[in-house]
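What follows is the content of work_10.txt, which has compact mmCIF, C-alpha atoms:
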```
# COMPACT_ATOMS: atom_id res chain seq x y z
CA MET A 20 -122.13 53.74 -1.77
CA VAL A 21 -118.53 54.16 -2.88
CA ARG A 22 -117.33 52.44 0.31
CA ILE A 23 -119.51 49.41 -0.43
CA ILE A 24 -118.15 49.16 -3.97
CA LEU A 25 -114.55 49.50 -2.77
CA ALA A 26 -115.10 46.91 -0.04
CA THR A 27 -116.65 44.51 -2.54
CA VAL A 28 -113.75 44.96 -4.95
CA ALA A 29 -111.23 44.49 -2.13
CA VAL A 30 -112.89 41.29 -0.88
CA GLY A 31 -113.22 39.97 -4.43
CA ALA A 32 -109.55 40.67 -5.17
CA ALA A 33 -108.49 38.99 -1.93
CA LEU A 34 -110.58 35.92 -2.74
CA LEU A 35 -109.13 35.70 -6.24
CA LEU A 36 -105.57 35.99 -4.92
CA ALA A 37 -106.27 33.30 -2.31
CA LEU A 38 -107.79 31.04 -4.97
CA ASP A 39 -104.76 31.55 -7.20
CA ALA A 40 -102.33 30.76 -4.38
CA GLY A 41 -104.31 27.70 -3.33
CA SER A 42 -104.53 26.35 -6.86
CA ARG A 43 -100.77 26.78 -7.31
CA MET A 44 -100.10 24.86 -4.09
CA LEU A 45 -102.49 22.10 -5.16
CA THR A 46 -101.11 21.64 -8.66
CA ASP A 47 -97.44 22.00 -7.70
CA ASN A 48 -97.61 19.16 -5.19
CA ASN A 49 -100.17 16.85 -6.78
CA ALA A 50 -99.59 15.29 -10.17
CA ALA A 51 -103.07 13.72 -10.21
CA ALA A 52 -104.72 17.12 -9.74
CA ARG A 53 -102.60 18.59 -12.52
CA ALA A 54 -103.52 15.70 -14.82
CA PHE A 55 -107.23 16.16 -14.08
CA ILE A 56 -107.07 19.89 -14.80
CA LEU A 57 -105.39 19.21 -18.13
CA SER A 58 -107.81 16.40 -19.04
CA ASP A 59 -110.95 16.66 -21.17
CA ALA A 60 -113.13 15.95 -18.13
CA PHE A 61 -112.20 19.18 -16.31
CA TRP A 62 -114.53 21.70 -17.98
CA PRO A 63 -117.61 19.45 -17.97
CA ALA A 64 -116.97 18.89 -14.24
CA VAL A 65 -116.66 22.64 -13.61
CA ILE A 66 -119.81 23.43 -15.61
CA GLY A 67 -121.68 20.62 -13.85
CA PHE A 68 -120.60 21.95 -10.47
CA ILE A 69 -121.81 25.44 -11.39
CA VAL A 70 -125.16 24.07 -12.60
CA VAL A 71 -125.62 22.13 -9.35
CA LEU A 72 -124.85 25.25 -7.30
CA LEU A 73 -127.33 27.30 -9.35
CA VAL A 74 -130.05 24.68 -8.86
CA VAL A 75 -129.42 24.58 -5.11
CA MET A 76 -129.53 28.40 -4.91
CA LEU A 77 -132.77 28.44 -6.93
CA GLY A 78 -134.26 25.86 -4.58
CA ILE A 79 -133.30 27.87 -1.52
CA HIS A 80 -134.68 31.04 -3.07
CA SER A 81 -137.93 29.30 -4.01
CA ALA A 82 -138.29 27.86 -0.53
CA TYR A 83 -138.04 31.33 0.99
CA ARG A 84 -140.09 33.06 -1.69
CA PHE A 85 -142.99 30.62 -1.76
CA HIS A 86 -143.10 29.55 1.89
CA PRO A 87 -146.77 29.35 2.97
CA GLY A 88 -146.19 31.89 5.73
CA ARG A 89 -145.18 34.50 3.17
CA LEU A 90 -148.12 34.04 0.82
CA SER A 91 -150.88 36.63 0.85
CA GLY A 92 -153.91 35.98 3.05
CA ARG A 93 -151.90 34.28 5.79
CA SER A 94 -151.75 36.17 9.05
CA GLY A 95 -150.96 33.40 11.53
CA GLY A 96 -148.10 31.01 11.94
CA GLU A 97 -148.06 27.34 11.10
CA GLY A 98 -149.90 25.00 13.45
```
I'd like the structure from this file rewritten - as structure tokens, please.
Amino acid sequence: MVRIILATVAVGAALLLALDAGSRMLTDNNAAARAFILSDAFWPAVIGFIVVLLVVMLGIHSAYRFHPGRLSGRSGGEG
């Protein structure tokens, strides 16, 4: 269990460091990206992106959870 936690922390830290390095490269070389990040439209865009991802994940979860083959009383496949 401790190995799983340490591996998760290591992967998470690596992803955060990669995201930080990538964002620095993007904003150092692109004035338009820097202007967008500093604009008032940045946080609504980020929150909207997160909401869209959550809706997509909920849809995928619902499709797996409520697939007719998984419901009780079904023993055979489709068709």
### Task
Work out how far CA of Val70 (chain A) is from CA of Leu25 (chain A), in Å to one decimal.
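Between CA of Leu25 (chain A) and CA of Val70 (chain A) the gap is 29.3 Å.
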### Task
Quick one: pull the distance between CA of Leu36 (chain A) and CA of Val75 (chain A), Å, one decimal.
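These two atoms are separated by 26.4 Å.
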### Message
So that I can check the surroundings of Ala52 (chain A), please list as a PyMOL selection string every protein, DNA and RNA residue that reaches within 12 Å of it, counting only C-alpha atoms and ignoring chain neighbours fewer than 6 positions away.
### Response
chain A and resi 42-46+58+60-61
### Task
Could you please determine the separation between CA of Leu72 (chain A) and CA of Leu57 (chain A) in Å, to one decimal place?
23.1 Å
Size and centre in Å, one decimal, axis-aligned box, all listed region 51-64 of chain A atoms plus 5 Å per side, as AutoDock Vina command-line options:
```
--center_x -110.1 --center_y 17.7 --center_z -15.5 --size_x 25.0 --size_y 18.0 --size_z 21.4
```
